[in-house]
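What follows is one structure encoded as structure tokens, with my remarks underneath.
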Amino acid sequence: LTDLNNNSSIVKIYKSLGFSTFLKSFDKFFFLKLKFFLKALYISLFASIKIYKKDFFCFIKEFKINNIPLGDLIYDLFIRTKKNFVKSKPDIFFFKLLFKSIFRFLMIESHIKKNNIKFIFCCTEFYAGNDGLSLRIASFRNIKNVIVWHDSIGNLKVIENMKKII
């Protein structure tokens, strides 16, 4: 699962290891996937209205799709840039990020169900990107998963079968 093109160095590395099928969760033709586009737009609009009526804290605690909590992942991605952590209401940047995250989630969940995925390998559990969303789906659908990353001093860390922590 990647958003990178086939000529990117990481895709070339995976190809050299024998991987041949790469799935896209978001690309420049996302609007052609009408089923996911319309559903993501609908969910995004209602989530935005709810945030305006309440606040980001309620969004973080309550936002779920198919009983999988996503509010924290989306908000974490939002506050990473432009001092967005000081904002009390969503802006156009948040709406774009919300829509894109929901669209990704719907695509990834569909790929997992359609292809009967039994194992997820990720490099991070944070943010609403491919890794974070895949891992969140895996942990709530009891799919085996592994997270591999290195800490700030270069030690390799591995977590097997991340469980529901929310």
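Chain identifiers are assigned as A, B, and so on, following the order in which chains appear in the structure tokens; residues are numbered from 1 within each chain, and ligands are numbered from 1 in order of appearance.
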### Message
Give me, as a ChimeraX atom specification, all polymer residues having an atom no more than 10 Å from region 60-73 of chain A, counting only C-alpha atoms and skipping those fewer than 3 positions away in the same chain.
### Response
/A:43,47,50-51,55-57,76-78,98,101-102,105-106,109,125-129,132-133,136-141,164,166
Now that the selection is made, can you save its residues with N, CA, C and O atoms as a short mmCIF file (atom, residue, chain, number, x, y, z; two decimals), in the first residue's frame?
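Output (out_37.cif):
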```cif
data_model
loop_
_atom_site.label_atom_id
_atom_site.label_comp_id
_atom_site.auth_asym_id
_atom_site.auth_seq_id
_atom_site.Cartn_x
_atom_site.Cartn_y
_atom_site.Cartn_z
N ILE A 43 -19.29 12.13 5.06
CA ILE A 43 -18.80 11.97 6.44
C ILE A 43 -18.02 13.22 6.87
O ILE A 43 -18.16 13.69 8.00
N ALA A 47 -18.92 15.61 10.02
CA ALA A 47 -17.91 15.71 11.09
C ALA A 47 -17.53 17.18 11.31
O ALA A 47 -17.38 17.62 12.46
N LYS A 50 -20.22 18.97 13.20
CA LYS A 50 -20.18 18.57 14.61
C LYS A 50 -19.06 19.29 15.37
O LYS A 50 -19.23 19.70 16.51
N ILE A 51 -17.91 19.44 14.73
CA ILE A 51 -16.79 20.13 15.37
C ILE A 51 -17.15 21.60 15.60
O ILE A 51 -16.87 22.15 16.66
N ASP A 55 -16.42 20.92 19.68
CA ASP A 55 -15.02 21.32 19.63
C ASP A 55 -14.16 20.15 19.17
O ASP A 55 -14.66 19.05 18.94
N PHE A 56 -12.86 20.41 19.03
CA PHE A 56 -11.94 19.36 18.60
C PHE A 56 -11.85 18.23 19.62
O PHE A 56 -11.65 17.07 19.25
N PHE A 57 -11.97 18.54 20.89
CA PHE A 57 -11.86 17.50 21.92
C PHE A 57 -12.93 16.42 21.71
O PHE A 57 -12.63 15.23 21.80
N ASP A 76 -4.01 14.57 15.27
CA ASP A 76 -2.54 14.55 15.40
C ASP A 76 -1.87 15.01 14.11
O ASP A 76 -0.88 15.73 14.14
N LEU A 77 -2.40 14.58 12.97
CA LEU A 77 -1.84 15.00 11.69
C LEU A 77 -2.07 16.50 11.48
O LEU A 77 -1.19 17.21 11.00
N PHE A 78 -3.23 16.99 11.87
CA PHE A 78 -3.57 18.41 11.72
C PHE A 78 -2.64 19.31 12.52
O PHE A 78 -2.18 20.33 12.02
N LEU A 98 -9.16 16.13 6.69
CA LEU A 98 -10.24 15.25 7.14
C LEU A 98 -10.77 14.42 5.98
O LEU A 98 -10.87 13.19 6.07
N SER A 101 -8.16 11.89 4.78
CA SER A 101 -7.99 10.80 5.75
C SER A 101 -9.16 9.82 5.69
O SER A 101 -8.96 8.61 5.74
N ILE A 102 -10.36 10.35 5.59
CA ILE A 102 -11.55 9.49 5.51
C ILE A 102 -11.53 8.71 4.21
O ILE A 102 -11.81 7.50 4.19
N PHE A 105 -9.03 5.98 4.58
CA PHE A 105 -9.56 4.94 5.47
C PHE A 105 -10.52 4.03 4.71
O PHE A 105 -10.42 2.81 4.79
N LEU A 106 -11.47 4.62 3.98
CA LEU A 106 -12.45 3.83 3.24
C LEU A 106 -11.79 2.94 2.19
O LEU A 106 -12.16 1.77 2.02
N GLU A 109 -9.70 0.15 4.11
CA GLU A 109 -10.62 -0.85 4.68
C GLU A 109 -11.21 -1.73 3.59
O GLU A 109 -11.32 -2.95 3.74
N GLU A 125 2.55 4.02 13.99
CA GLU A 125 1.16 3.88 14.40
C GLU A 125 0.48 5.24 14.50
O GLU A 125 -0.69 5.35 14.83
N PHE A 126 1.22 6.29 14.22
CA PHE A 126 0.73 7.65 14.41
C PHE A 126 0.21 8.25 13.12
O PHE A 126 0.60 7.87 12.03
N TYR A 127 -0.65 9.22 13.25
CA TYR A 127 -1.16 10.05 12.17
C TYR A 127 -2.09 9.28 11.23
O TYR A 127 -2.14 8.06 11.22
N ALA A 128 -2.81 10.04 10.43
CA ALA A 128 -3.83 9.47 9.56
C ALA A 128 -3.30 9.21 8.15
O ALA A 128 -3.94 9.54 7.17
N GLY A 129 -2.14 8.61 8.05
CA GLY A 129 -1.58 8.18 6.77
C GLY A 129 -1.87 6.71 6.57
O GLY A 129 -2.58 6.07 7.35
N GLY A 132 -0.79 4.46 9.80
CA GLY A 132 -1.63 4.64 10.99
C GLY A 132 -3.04 4.11 10.79
O GLY A 132 -3.60 3.45 11.67
N LEU A 133 -3.62 4.39 9.63
CA LEU A 133 -4.99 3.92 9.35
C LEU A 133 -5.02 2.39 9.20
O LEU A 133 -5.92 1.73 9.72
N ARG A 136 -4.67 0.86 12.63
CA ARG A 136 -5.88 1.04 13.42
C ARG A 136 -6.96 0.04 12.98
O ARG A 136 -7.62 -0.58 13.81
N ILE A 137 -7.12 -0.15 11.68
CA ILE A 137 -8.08 -1.13 11.17
C ILE A 137 -7.68 -2.52 11.64
O ILE A 137 -8.51 -3.28 12.14
N ALA A 138 -6.40 -2.85 11.51
CA ALA A 138 -5.92 -4.18 11.91
C ALA A 138 -6.17 -4.44 13.39
O ALA A 138 -6.64 -5.52 13.77
N SER A 139 -5.89 -3.47 14.23
CA SER A 139 -6.04 -3.70 15.67
C SER A 139 -7.50 -3.84 16.08
O SER A 139 -7.81 -4.54 17.03
N PHE A 140 -8.42 -3.20 15.36
CA PHE A 140 -9.84 -3.33 15.68
C PHE A 140 -10.52 -4.47 14.95
O PHE A 140 -11.66 -4.81 15.25
N ARG A 141 -9.85 -5.06 13.99
CA ARG A 141 -10.40 -6.21 13.25
C ARG A 141 -9.63 -7.49 13.58
O ARG A 141 -9.78 -8.50 12.90
N LYS A 164 -6.07 -3.01 20.69
CA LYS A 164 -6.88 -1.80 20.84
C LYS A 164 -6.44 -1.07 22.10
O LYS A 164 -6.42 -1.65 23.17
N ILE A 166 -7.53 2.30 22.52
CA ILE A 166 -8.42 3.45 22.63
C ILE A 166 -9.77 3.01 23.13
O ILE A 166 -10.30 2.05 22.77
#
```
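For region 101-132 of chain A, the set of residues given helix (DSSP H, G or I) by DSSP on the backbone reads Ser101, Ile102, Phe103, Arg104, Phe105, Leu106, Met107, Ile108, Glu109, Ser110, His111, Ile112, Lys113, Lys114, Asn130, Asp131 and Gly132 of chain A.
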### Message
What does the structure give for the distance between CA of Ile120 (chain A) and CA of Ser134 (chain A), in Å to one decimal?
### Response
7.1 Å
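Closest approach to Ile49 (chain A) among A:Phe37, A:Phe95, A:Tyr75, A:Tyr14: A:Phe95, based on only C-alpha atoms.
Counting only C-alpha atoms and comparing A:Asn130, A:Ser44, A:Ser9, A:Asn116, the residue that lies closest to Leu23 (chain A) is A:Asn130.
Closest approach to Tyr42 (chain A) among A:Asp91, A:Ile112, A:Phe99, A:Phe121: A:Phe99, based on only C-alpha atoms.
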### Query
Which of these, A:Asn5, A:Pro90, A:Lys33, A:Ile13, has the shortest distance to Leu45 (chain A) once you count only C-alpha atoms?
A:Pro90
### Using only C-alpha atoms: which of A:Ile147, A:Leu34, A:Lys89, A:Asn6 has the shortest distance to Lys53 (chain A)
A:Lys89
### DSSP strand (DSSP E or B) selection over region 6-158 of chain A, as number ranges by chain
A: 64-65, 68-69, 119-122, 144-150, 156-158
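Proximity ranking of A:Tyr52, A:Phe36, A:Phe59, A:Phe119 relative to Phe103 (chain A) places A:Phe36 first, based on only C-alpha atoms.
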